[in-house]
>>> print(open('protein26.cif').read())   # mmCIF, N, CA and C atoms
data_upload
#
loop_
_atom_site.label_atom_id
_atom_site.label_comp_id
_atom_site.auth_asym_id
_atom_site.auth_seq_id
_atom_site.Cartn_x
_atom_site.Cartn_y
_atom_site.Cartn_z
N MET K 1 181.55 124.20 -0.91
CA MET K 1 181.67 123.93 0.51
C MET K 1 180.52 124.65 1.23
N THR K 2 179.79 123.90 2.00
CA THR K 2 178.68 124.49 2.72
C THR K 2 179.18 125.22 3.97
N LEU K 3 178.30 126.00 4.52
CA LEU K 3 178.64 126.79 5.71
C LEU K 3 178.98 125.88 6.89
N LYS K 4 178.25 124.79 7.05
CA LYS K 4 178.52 123.86 8.15
C LYS K 4 179.89 123.22 8.00
N LEU K 5 180.24 122.80 6.80
CA LEU K 5 181.56 122.21 6.58
C LEU K 5 182.67 123.24 6.81
N PHE K 6 182.41 124.45 6.36
CA PHE K 6 183.39 125.52 6.56
C PHE K 6 183.59 125.78 8.05
N TRP K 7 182.49 125.84 8.81
CA TRP K 7 182.57 126.06 10.25
C TRP K 7 183.31 124.90 10.93
N ASP K 8 182.96 123.68 10.58
CA ASP K 8 183.60 122.51 11.18
C ASP K 8 185.11 122.49 10.92
N LYS K 9 185.51 122.98 9.76
CA LYS K 9 186.93 122.93 9.40
C LYS K 9 187.71 124.10 9.98
N TYR K 10 187.09 125.28 10.09
CA TYR K 10 187.83 126.49 10.46
C TYR K 10 187.29 127.21 11.69
N TYR K 11 186.54 126.53 12.55
CA TYR K 11 185.89 127.24 13.66
C TYR K 11 186.91 127.87 14.63
N ILE K 12 188.03 127.25 14.84
CA ILE K 12 189.03 127.81 15.75
C ILE K 12 189.59 129.11 15.17
N ALA K 13 189.89 129.12 13.88
CA ALA K 13 190.42 130.33 13.24
C ALA K 13 189.37 131.44 13.23
N ILE K 14 188.12 131.10 12.99
CA ILE K 14 187.04 132.09 12.97
C ILE K 14 186.88 132.72 14.35
N ILE K 15 186.87 131.90 15.40
CA ILE K 15 186.74 132.42 16.76
C ILE K 15 187.93 133.29 17.11
N PHE K 16 189.13 132.88 16.72
CA PHE K 16 190.34 133.65 16.99
C PHE K 16 190.29 135.02 16.30
N VAL K 17 189.87 135.06 15.06
CA VAL K 17 189.79 136.33 14.32
C VAL K 17 188.76 137.25 14.95
N ILE K 18 187.60 136.73 15.28
CA ILE K 18 186.55 137.55 15.89
C ILE K 18 187.02 138.08 17.24
N ALA K 19 187.63 137.24 18.06
CA ALA K 19 188.13 137.68 19.37
C ALA K 19 189.22 138.74 19.20
N SER K 20 190.10 138.57 18.24
CA SER K 20 191.17 139.53 18.00
C SER K 20 190.62 140.89 17.57
N VAL K 21 189.64 140.88 16.70
CA VAL K 21 189.02 142.14 16.25
C VAL K 21 188.33 142.83 17.42
N LEU K 22 187.60 142.09 18.23
CA LEU K 22 186.91 142.69 19.38
C LEU K 22 187.91 143.26 20.39
N MET K 23 188.98 142.54 20.66
CA MET K 23 189.99 143.05 21.59
C MET K 23 190.70 144.28 21.02
N GLY K 24 190.97 144.27 19.73
CA GLY K 24 191.60 145.42 19.09
C GLY K 24 190.73 146.66 19.15
N LEU K 25 189.45 146.50 18.88
CA LEU K 25 188.52 147.63 18.95
C LEU K 25 188.39 148.15 20.38
N THR K 26 188.35 147.25 21.34
CA THR K 26 188.28 147.65 22.74
C THR K 26 189.53 148.43 23.14
N LEU K 27 190.68 147.95 22.76
CA LEU K 27 191.94 148.63 23.08
C LEU K 27 192.01 149.99 22.40
N LEU K 28 191.57 150.07 21.17
CA LEU K 28 191.56 151.34 20.45
C LEU K 28 190.65 152.35 21.13
N PHE K 29 189.48 151.91 21.52
CA PHE K 29 188.54 152.80 22.22
C PHE K 29 189.13 153.25 23.55
N TYR K 30 189.72 152.34 24.30
CA TYR K 30 190.31 152.67 25.58
C TYR K 30 191.46 153.65 25.42
N ALA K 31 192.31 153.44 24.45
CA ALA K 31 193.47 154.32 24.24
C ALA K 31 193.03 155.72 23.83
N SER K 32 192.00 155.83 23.02
CA SER K 32 191.56 157.15 22.57
C SER K 32 190.90 157.94 23.68
N THR K 33 190.23 157.28 24.61
CA THR K 33 189.58 158.02 25.70
C THR K 33 190.56 158.36 26.82
N THR K 34 191.59 157.55 27.02
CA THR K 34 192.51 157.84 28.12
C THR K 34 193.43 159.00 27.79
N ASN K 35 193.79 159.22 26.55
CA ASN K 35 194.63 160.37 26.19
C ASN K 35 193.94 161.67 26.56
N GLU K 36 192.66 161.73 26.32
CA GLU K 36 191.93 162.95 26.63
C GLU K 36 191.89 163.20 28.13
N ASN K 37 191.79 162.16 28.91
CA ASN K 37 191.73 162.31 30.36
C ASN K 37 193.09 162.49 31.00
N LYS K 38 194.14 162.09 30.30
CA LYS K 38 195.47 162.11 30.87
C LYS K 38 196.11 163.50 30.80
N TYR K 39 195.82 164.25 29.77
CA TYR K 39 196.48 165.53 29.55
C TYR K 39 195.65 166.71 30.04
N SER K 40 196.33 167.82 30.25
CA SER K 40 195.68 169.03 30.77
C SER K 40 194.97 169.78 29.67
N LYS K 41 193.87 170.40 30.05
CA LYS K 41 193.16 171.33 29.17
C LYS K 41 193.37 172.72 29.74
N ILE K 42 193.69 173.65 28.87
CA ILE K 42 193.87 175.02 29.33
C ILE K 42 193.01 175.95 28.49
N ASP K 43 192.61 177.05 29.08
CA ASP K 43 191.85 178.07 28.37
C ASP K 43 192.84 179.07 27.77
N VAL K 44 192.63 179.40 26.51
CA VAL K 44 193.48 180.36 25.83
C VAL K 44 193.08 181.77 26.24
N SER K 45 194.06 182.54 26.67
CA SER K 45 193.82 183.93 27.06
C SER K 45 194.18 184.86 25.91
N SER K 46 193.74 186.09 26.00
CA SER K 46 194.07 187.07 24.99
C SER K 46 195.59 187.27 24.95
N GLY K 47 196.16 187.24 23.78
CA GLY K 47 197.61 187.41 23.62
C GLY K 47 198.38 186.10 23.63
N ASP K 48 197.72 184.99 23.95
CA ASP K 48 198.42 183.70 23.92
C ASP K 48 198.68 183.26 22.50
N SER K 49 199.81 182.63 22.31
CA SER K 49 200.14 182.01 21.04
C SER K 49 200.74 180.64 21.35
N LEU K 50 200.93 179.85 20.32
CA LEU K 50 201.52 178.54 20.53
C LEU K 50 202.93 178.66 21.10
N TRP K 51 203.66 179.68 20.66
CA TRP K 51 205.02 179.88 21.17
C TRP K 51 205.01 180.28 22.64
N VAL K 52 204.07 181.10 23.06
CA VAL K 52 203.96 181.49 24.47
C VAL K 52 203.65 180.25 25.32
N LEU K 53 202.72 179.44 24.85
CA LEU K 53 202.38 178.22 25.58
C LEU K 53 203.56 177.26 25.61
N ALA K 54 204.30 177.18 24.52
CA ALA K 54 205.49 176.32 24.49
C ALA K 54 206.54 176.82 25.48
N ASP K 55 206.71 178.14 25.58
CA ASP K 55 207.65 178.70 26.56
C ASP K 55 207.26 178.29 27.98
N GLU K 56 205.97 178.30 28.27
CA GLU K 56 205.49 178.01 29.62
C GLU K 56 205.47 176.52 29.95
N HIS K 57 205.14 175.67 28.96
CA HIS K 57 204.81 174.29 29.28
C HIS K 57 205.68 173.22 28.61
N ALA K 58 206.51 173.56 27.64
CA ALA K 58 207.28 172.53 26.92
C ALA K 58 208.21 171.76 27.84
N ALA K 59 208.82 172.42 28.78
CA ALA K 59 209.74 171.74 29.70
C ALA K 59 209.00 170.72 30.56
N LYS K 60 207.78 171.04 30.97
CA LYS K 60 206.98 170.11 31.78
C LYS K 60 206.62 168.86 30.98
N ALA K 61 206.50 169.02 29.67
CA ALA K 61 206.14 167.90 28.80
C ALA K 61 207.37 167.14 28.31
N ASN K 62 208.57 167.57 28.74
CA ASN K 62 209.83 166.97 28.28
C ASN K 62 209.94 166.99 26.77
N MET K 63 209.59 168.13 26.16
CA MET K 63 209.65 168.31 24.71
C MET K 63 210.35 169.62 24.41
N ASP K 64 210.94 169.67 23.22
CA ASP K 64 211.43 170.98 22.78
C ASP K 64 210.22 171.77 22.28
N LYS K 65 210.40 173.06 22.09
CA LYS K 65 209.26 173.92 21.75
C LYS K 65 208.61 173.55 20.43
N ALA K 66 209.42 173.23 19.42
CA ALA K 66 208.85 172.89 18.11
C ALA K 66 208.01 171.61 18.18
N THR K 67 208.49 170.62 18.89
CA THR K 67 207.73 169.37 19.04
C THR K 67 206.45 169.61 19.82
N PHE K 68 206.52 170.42 20.87
CA PHE K 68 205.35 170.77 21.66
C PHE K 68 204.29 171.42 20.78
N ILE K 69 204.71 172.38 19.96
CA ILE K 69 203.77 173.10 19.09
C ILE K 69 203.14 172.15 18.08
N LYS K 70 203.94 171.27 17.47
CA LYS K 70 203.40 170.30 16.50
C LYS K 70 202.37 169.40 17.17
N TRP K 71 202.66 168.94 18.41
CA TRP K 71 201.74 168.07 19.12
C TRP K 71 200.42 168.79 19.39
N VAL K 72 200.51 170.03 19.88
CA VAL K 72 199.30 170.81 20.20
C VAL K 72 198.48 171.05 18.93
N GLU K 73 199.15 171.41 17.83
CA GLU K 73 198.42 171.63 16.57
C GLU K 73 197.72 170.36 16.10
N LYS K 74 198.40 169.23 16.19
CA LYS K 74 197.82 167.96 15.72
C LYS K 74 196.64 167.54 16.59
N GLU K 75 196.82 167.54 17.90
CA GLU K 75 195.77 167.05 18.81
C GLU K 75 194.55 167.97 18.87
N ASN K 76 194.73 169.25 18.61
CA ASN K 76 193.63 170.20 18.69
C ASN K 76 193.12 170.63 17.31
N HIS K 77 193.64 169.99 16.26
CA HIS K 77 193.22 170.26 14.89
C HIS K 77 193.37 171.75 14.54
N ILE K 78 194.53 172.30 14.85
CA ILE K 78 194.83 173.69 14.54
C ILE K 78 195.67 173.70 13.27
N ASN K 79 195.13 174.28 12.20
CA ASN K 79 195.82 174.26 10.92
C ASN K 79 196.68 175.49 10.68
N ASP K 80 196.23 176.64 11.11
CA ASP K 80 196.94 177.88 10.79
C ASP K 80 197.80 178.40 11.94
N GLY K 81 197.83 177.70 13.06
CA GLY K 81 198.64 178.11 14.20
C GLY K 81 198.03 179.22 15.02
N ALA K 82 196.84 179.67 14.66
CA ALA K 82 196.22 180.79 15.37
C ALA K 82 195.33 180.26 16.49
N LEU K 83 195.43 180.90 17.64
CA LEU K 83 194.58 180.59 18.78
C LEU K 83 193.64 181.75 19.03
N LYS K 84 192.45 181.44 19.51
CA LYS K 84 191.48 182.49 19.82
C LYS K 84 191.24 182.49 21.33
N ALA K 85 191.14 183.68 21.90
CA ALA K 85 190.87 183.80 23.33
C ALA K 85 189.56 183.09 23.65
N GLY K 86 189.56 182.31 24.70
CA GLY K 86 188.38 181.58 25.11
C GLY K 86 188.37 180.13 24.65
N ASP K 87 189.22 179.79 23.67
CA ASP K 87 189.30 178.40 23.23
C ASP K 87 189.88 177.54 24.35
N GLU K 88 189.50 176.27 24.37
CA GLU K 88 190.08 175.33 25.31
C GLU K 88 190.88 174.32 24.50
N ILE K 89 192.16 174.18 24.83
CA ILE K 89 193.01 173.25 24.09
C ILE K 89 193.67 172.26 25.04
N ILE K 90 194.06 171.12 24.48
CA ILE K 90 194.76 170.08 25.23
C ILE K 90 196.25 170.27 25.01
N ILE K 91 197.01 170.21 26.10
CA ILE K 91 198.47 170.28 25.99
C ILE K 91 199.06 169.00 26.57
N PRO K 92 200.25 168.59 26.11
CA PRO K 92 200.82 167.30 26.53
C PRO K 92 201.49 167.35 27.90
N VAL K 93 200.83 167.98 28.85
CA VAL K 93 201.32 168.03 30.22
C VAL K 93 200.27 167.31 31.07
N LYS K 94 200.72 166.37 31.88
CA LYS K 94 199.77 165.61 32.70
C LYS K 94 199.07 166.53 33.68
N LYS K 95 197.82 166.21 33.97
CA LYS K 95 197.00 167.06 34.83
C LYS K 95 197.65 167.31 36.18
N ASN K 96 198.23 166.29 36.77
CA ASN K 96 198.80 166.47 38.11
C ASN K 96 200.03 167.38 38.08
N GLN K 97 200.73 167.51 36.94
CA GLN K 97 201.87 168.41 36.86
C GLN K 97 201.43 169.87 36.88
N ILE K 98 200.34 170.18 36.23
CA ILE K 98 199.83 171.55 36.22
C ILE K 98 199.39 171.94 37.63
N ASN K 99 198.66 171.06 38.29
CA ASN K 99 198.16 171.36 39.63
C ASN K 99 199.28 171.46 40.65
N GLN K 100 200.29 170.61 40.54
CA GLN K 100 201.39 170.65 41.49
C GLN K 100 202.18 171.94 41.35
N ASP K 101 202.42 172.37 40.12
CA ASP K 101 203.22 173.56 39.90
C ASP K 101 202.56 174.82 40.45
N SER K 102 201.24 174.87 40.42
CA SER K 102 200.56 176.06 40.93
C SER K 102 200.56 176.13 42.45
N SER K 103 200.84 175.02 43.12
CA SER K 103 200.82 175.03 44.58
C SER K 103 202.22 175.18 45.18
N ILE K 104 203.26 175.21 44.37
CA ILE K 104 204.62 175.36 44.88
C ILE K 104 204.87 176.81 45.22
N GLN K 105 205.40 177.01 46.39
CA GLN K 105 205.74 178.37 46.81
C GLN K 105 207.16 178.36 47.35
N LEU K 106 207.98 179.27 46.86
CA LEU K 106 209.34 179.37 47.33
C LEU K 106 209.39 180.05 48.68
N ALA K 107 210.46 179.82 49.44
CA ALA K 107 210.58 180.34 50.81
C ALA K 107 210.62 181.86 50.84
N ASN K 108 211.16 182.50 49.80
CA ASN K 108 211.27 183.96 49.81
C ASN K 108 210.04 184.65 49.25
N GLU K 109 209.00 183.93 48.93
CA GLU K 109 207.79 184.55 48.38
C GLU K 109 206.74 184.74 49.44
#
>>> encode(input="protein26.cif", output="structure tokens")
Amino acid sequence: MTLKLFWDKYYIAIIFVIASVLMGLTLLFYASTTNENKYSKIDVSSGDSLWVLADEHAAKANMDKATFIKWVEKENHINDGALKAGDEIIIPVKKNQINQDSSIQLANE
């Protein structure tokens, strides 16, 4: 079967497959870049650990502490659970939640 005969017989399927692959790659690229922009980045301070960060932020992420820690380890490629002061890590808390919480002031403060 020559290329022309193959094209004439299957051109709709070929166009569909190519369009599907292109749309899939576009969606994959879009999804990978939006996660980075959606979540907060925080600087690790001296004395911080994953458990300390989980105590502070797990409730904002609607996660239990163990799930929060697993997510942070996976997304930041942390294998041994150790954090170093000065590192910047991504946490599963939306950026606007971090900013809103810092501006809340109680009446007695």
>>> residues_around(input="protein26.cif", residues="stretch 73-90 of chain K", least_positions_apart="3", cutoff="5 Å", atoms="all atoms listed in the file", output="ChimeraX atom specification")
/K:40-46,69-70
>>> closest_residue(input="protein26.cif", among="K:Gly47, K:Met1, K:Lys38, K:Ala66", to="K:Val93", atoms="only C-alpha atoms")
K:Lys38
>>> atom_distance(input="protein26.cif", atom1="atom CA of K:Asn62", atom2="atom CA of K:Leu50")
16.2 Å
>>> select_by_dssp(input="protein26.cif", residues="stretch 3-71 of chain K", states="strand (DSSP E)", output="PyMOL selection string")
chain K and resi 39-43
>>> select_by_dssp(input="protein26.cif", residues="chain K", states="alpha helix (DSSP H)", output="ChimeraX atom specification")
/K:3-38,50-57,65-75,95-103
>>> atom_distance(input="protein26.cif", atom1="atom N of K:Ala61", atom2="atom CA of K:Ile91")
8.9 Å
>>> atom_distance(input="protein26.cif", atom1="atom CA of K:Lys95", atom2="atom C of K:Met23")
27.4 Å
>>> closest_residue(input="protein26.cif", among="K:Val72, K:Tyr39, K:Lys9, K:Leu28", to="K:Ala54", atoms="only C-alpha atoms")
K:Val72
>>> decode(input="protein26.cif", residues="stretch 34-79 of chain K", atoms="N, CA and C atoms", output="PDB file, in the first residue's frame")
ATOM      1  N   THR K  34       0.390  25.528  35.775  1.00  0.00           N
ATOM      2  CA  THR K  34      -0.570  26.182  36.661  1.00  0.00           C
ATOM      3  C   THR K  34      -0.427  25.710  38.095  1.00  0.00           C
ATOM      4  N   ASN K  35      -0.023  24.489  38.348  1.00  0.00           N
ATOM      5  CA  ASN K  35       0.183  24.027  39.721  1.00  0.00           C
ATOM      6  C   ASN K  35       1.237  24.865  40.420  1.00  0.00           C
ATOM      7  N   GLU K  36       2.278  25.191  39.701  1.00  0.00           N
ATOM      8  CA  GLU K  36       3.350  25.974  40.295  1.00  0.00           C
ATOM      9  C   GLU K  36       2.871  27.379  40.638  1.00  0.00           C
ATOM     10  N   ASN K  37       2.014  27.939  39.826  1.00  0.00           N
ATOM     11  CA  ASN K  37       1.521  29.288  40.068  1.00  0.00           C
ATOM     12  C   ASN K  37       0.382  29.329  41.072  1.00  0.00           C
ATOM     13  N   LYS K  38      -0.285  28.204  41.272  1.00  0.00           N
ATOM     14  CA  LYS K  38      -1.458  28.171  42.124  1.00  0.00           C
ATOM     15  C   LYS K  38      -1.100  28.093  43.608  1.00  0.00           C
ATOM     16  N   TYR K  39      -0.025  27.419  43.939  1.00  0.00           N
ATOM     17  CA  TYR K  39       0.323  27.170  45.332  1.00  0.00           C
ATOM     18  C   TYR K  39       1.356  28.162  45.854  1.00  0.00           C
ATOM     19  N   SER K  40       1.413  28.261  47.171  1.00  0.00           N
ATOM     20  CA  SER K  40       2.321  29.199  47.832  1.00  0.00           C
ATOM     21  C   SER K  40       3.725  28.639  47.909  1.00  0.00           C
ATOM     22  N   LYS K  41       4.678  29.543  47.818  1.00  0.00           N
ATOM     23  CA  LYS K  41       6.082  29.203  48.065  1.00  0.00           C
ATOM     24  C   LYS K  41       6.468  29.869  49.371  1.00  0.00           C
ATOM     25  N   ILE K  42       7.141  29.127  50.211  1.00  0.00           N
ATOM     26  CA  ILE K  42       7.587  29.705  51.479  1.00  0.00           C
ATOM     27  C   ILE K  42       9.075  29.464  51.644  1.00  0.00           C
ATOM     28  N   ASP K  43       9.719  30.346  52.360  1.00  0.00           N
ATOM     29  CA  ASP K  43      11.135  30.199  52.673  1.00  0.00           C
ATOM     30  C   ASP K  43      11.260  29.437  53.987  1.00  0.00           C
ATOM     31  N   VAL K  44      12.142  28.458  54.002  1.00  0.00           N
ATOM     32  CA  VAL K  44      12.368  27.657  55.194  1.00  0.00           C
ATOM     33  C   VAL K  44      13.267  28.440  56.143  1.00  0.00           C
ATOM     34  N   SER K  45      12.823  28.554  57.389  1.00  0.00           N
ATOM     35  CA  SER K  45      13.607  29.246  58.415  1.00  0.00           C
ATOM     36  C   SER K  45      14.371  28.229  59.244  1.00  0.00           C
ATOM     37  N   SER K  46      15.330  28.702  59.995  1.00  0.00           N
ATOM     38  CA  SER K  46      16.087  27.838  60.878  1.00  0.00           C
ATOM     39  C   SER K  46      15.143  27.218  61.908  1.00  0.00           C
ATOM     40  N   GLY K  47      15.228  25.925  62.093  1.00  0.00           N
ATOM     41  CA  GLY K  47      14.371  25.222  63.046  1.00  0.00           C
ATOM     42  C   GLY K  47      13.096  24.682  62.436  1.00  0.00           C
ATOM     43  N   ASP K  48      12.792  25.041  61.192  1.00  0.00           N
ATOM     44  CA  ASP K  48      11.589  24.512  60.545  1.00  0.00           C
ATOM     45  C   ASP K  48      11.774  23.050  60.194  1.00  0.00           C
ATOM     46  N   SER K  49      10.702  22.311  60.310  1.00  0.00           N
ATOM     47  CA  SER K  49      10.670  20.925  59.864  1.00  0.00           C
ATOM     48  C   SER K  49       9.351  20.720  59.135  1.00  0.00           C
ATOM     49  N   LEU K  50       9.217  19.580  58.496  1.00  0.00           N
ATOM     50  CA  LEU K  50       7.966  19.301  57.799  1.00  0.00           C
ATOM     51  C   LEU K  50       6.794  19.251  58.773  1.00  0.00           C
ATOM     52  N   TRP K  51       7.049  18.740  59.977  1.00  0.00           N
ATOM     53  CA  TRP K  51       5.977  18.672  60.978  1.00  0.00           C
ATOM     54  C   TRP K  51       5.572  20.062  61.447  1.00  0.00           C
ATOM     55  N   VAL K  52       6.520  20.967  61.617  1.00  0.00           N
ATOM     56  CA  VAL K  52       6.199  22.342  62.018  1.00  0.00           C
ATOM     57  C   VAL K  52       5.362  23.012  60.929  1.00  0.00           C
ATOM     58  N   LEU K  53       5.765  22.834  59.686  1.00  0.00           N
ATOM     59  CA  LEU K  53       5.003  23.412  58.578  1.00  0.00           C
ATOM     60  C   LEU K  53       3.612  22.790  58.485  1.00  0.00           C
ATOM     61  N   ALA K  54       3.519  21.494  58.738  1.00  0.00           N
ATOM     62  CA  ALA K  54       2.212  20.831  58.727  1.00  0.00           C
ATOM     63  C   ALA K  54       1.326  21.376  59.841  1.00  0.00           C
ATOM     64  N   ASP K  55       1.904  21.622  61.018  1.00  0.00           N
ATOM     65  CA  ASP K  55       1.132  22.213  62.118  1.00  0.00           C
ATOM     66  C   ASP K  55       0.560  23.570  61.717  1.00  0.00           C
ATOM     67  N   GLU K  56       1.351  24.363  61.005  1.00  0.00           N
ATOM     68  CA  GLU K  56       0.939  25.719  60.646  1.00  0.00           C
ATOM     69  C   GLU K  56      -0.025  25.761  59.459  1.00  0.00           C
ATOM     70  N   HIS K  57       0.159  24.856  58.477  1.00  0.00           N
ATOM     71  CA  HIS K  57      -0.525  25.038  57.202  1.00  0.00           C
ATOM     72  C   HIS K  57      -1.445  23.896  56.769  1.00  0.00           C
ATOM     73  N   ALA K  58      -1.423  22.745  57.418  1.00  0.00           N
ATOM     74  CA  ALA K  58      -2.229  21.609  56.948  1.00  0.00           C
ATOM     75  C   ALA K  58      -3.717  21.914  56.960  1.00  0.00           C
ATOM     76  N   ALA K  59      -4.186  22.622  57.957  1.00  0.00           N
ATOM     77  CA  ALA K  59      -5.613  22.943  58.030  1.00  0.00           C
ATOM     78  C   ALA K  59      -6.039  23.843  56.872  1.00  0.00           C
ATOM     79  N   LYS K  60      -5.171  24.768  56.470  1.00  0.00           N
ATOM     80  CA  LYS K  60      -5.485  25.659  55.341  1.00  0.00           C
ATOM     81  C   LYS K  60      -5.583  24.876  54.036  1.00  0.00           C
ATOM     82  N   ALA K  61      -4.840  23.775  53.962  1.00  0.00           N
ATOM     83  CA  ALA K  61      -4.841  22.950  52.752  1.00  0.00           C
ATOM     84  C   ALA K  61      -5.925  21.876  52.794  1.00  0.00           C
ATOM     85  N   ASN K  62      -6.707  21.841  53.880  1.00  0.00           N
ATOM     86  CA  ASN K  62      -7.736  20.812  54.074  1.00  0.00           C
ATOM     87  C   ASN K  62      -7.153  19.412  53.993  1.00  0.00           C
ATOM     88  N   MET K  63      -5.999  19.216  54.642  1.00  0.00           N
ATOM     89  CA  MET K  63      -5.311  17.924  54.667  1.00  0.00           C
ATOM     90  C   MET K  63      -4.947  17.592  56.103  1.00  0.00           C
ATOM     91  N   ASP K  64      -4.817  16.291  56.359  1.00  0.00           N
ATOM     92  CA  ASP K  64      -4.232  15.928  57.648  1.00  0.00           C
ATOM     93  C   ASP K  64      -2.722  16.113  57.535  1.00  0.00           C
ATOM     94  N   LYS K  65      -2.044  16.092  58.664  1.00  0.00           N
ATOM     95  CA  LYS K  65      -0.610  16.413  58.671  1.00  0.00           C
ATOM     96  C   LYS K  65       0.214  15.427  57.851  1.00  0.00           C
ATOM     97  N   ALA K  66      -0.102  14.140  57.945  1.00  0.00           N
ATOM     98  CA  ALA K  66       0.676  13.137  57.204  1.00  0.00           C
ATOM     99  C   ALA K  66       0.525  13.323  55.692  1.00  0.00           C
ATOM    100  N   THR K  67      -0.678  13.594  55.245  1.00  0.00           N
ATOM    101  CA  THR K  67      -0.913  13.820  53.813  1.00  0.00           C
ATOM    102  C   THR K  67      -0.217  15.085  53.348  1.00  0.00           C
ATOM    103  N   PHE K  68      -0.262  16.139  54.161  1.00  0.00           N
ATOM    104  CA  PHE K  68       0.419  17.388  53.849  1.00  0.00           C
ATOM    105  C   PHE K  68       1.913  17.142  53.665  1.00  0.00           C
ATOM    106  N   ILE K  69       2.512  16.410  54.602  1.00  0.00           N
ATOM    107  CA  ILE K  69       3.956  16.141  54.542  1.00  0.00           C
ATOM    108  C   ILE K  69       4.303  15.327  53.306  1.00  0.00           C
ATOM    109  N   LYS K  70       3.510  14.306  52.987  1.00  0.00           N
ATOM    110  CA  LYS K  70       3.770  13.490  51.789  1.00  0.00           C
ATOM    111  C   LYS K  70       3.700  14.349  50.531  1.00  0.00           C
ATOM    112  N   TRP K  71       2.696  15.263  50.467  1.00  0.00           N
ATOM    113  CA  TRP K  71       2.553  16.125  49.302  1.00  0.00           C
ATOM    114  C   TRP K  71       3.769  17.033  49.157  1.00  0.00           C
ATOM    115  N   VAL K  72       4.198  17.647  50.262  1.00  0.00           N
ATOM    116  CA  VAL K  72       5.346  18.565  50.222  1.00  0.00           C
ATOM    117  C   VAL K  72       6.606  17.806  49.813  1.00  0.00           C
ATOM    118  N   GLU K  73       6.810  16.616  50.368  1.00  0.00           N
ATOM    119  CA  GLU K  73       7.993  15.818  49.993  1.00  0.00           C
ATOM    120  C   GLU K  73       7.980  15.471  48.511  1.00  0.00           C
ATOM    121  N   LYS K  74       6.822  15.074  47.998  1.00  0.00           N
ATOM    122  CA  LYS K  74       6.727  14.669  46.591  1.00  0.00           C
ATOM    123  C   LYS K  74       6.945  15.862  45.655  1.00  0.00           C
ATOM    124  N   GLU K  75       6.256  16.963  45.903  1.00  0.00           N
ATOM    125  CA  GLU K  75       6.326  18.112  44.999  1.00  0.00           C
ATOM    126  C   GLU K  75       7.673  18.835  45.038  1.00  0.00           C
ATOM    127  N   ASN K  76       8.379  18.743  46.158  1.00  0.00           N
ATOM    128  CA  ASN K  76       9.655  19.434  46.302  1.00  0.00           C
ATOM    129  C   ASN K  76      10.850  18.487  46.200  1.00  0.00           C
ATOM    130  N   HIS K  77      10.578  17.224  45.871  1.00  0.00           N
ATOM    131  CA  HIS K  77      11.623  16.209  45.702  1.00  0.00           C
ATOM    132  C   HIS K  77      12.503  16.102  46.952  1.00  0.00           C
ATOM    133  N   ILE K  78      11.857  15.998  48.101  1.00  0.00           N
ATOM    134  CA  ILE K  78      12.562  15.838  49.370  1.00  0.00           C
ATOM    135  C   ILE K  78      12.529  14.356  49.724  1.00  0.00           C
ATOM    136  N   ASN K  79      13.698  13.724  49.769  1.00  0.00           N
ATOM    137  CA  ASN K  79      13.751  12.289  50.011  1.00  0.00           C
ATOM    138  C   ASN K  79      13.935  11.937  51.480  1.00  0.00           C
TER     139      ASN K  79
END
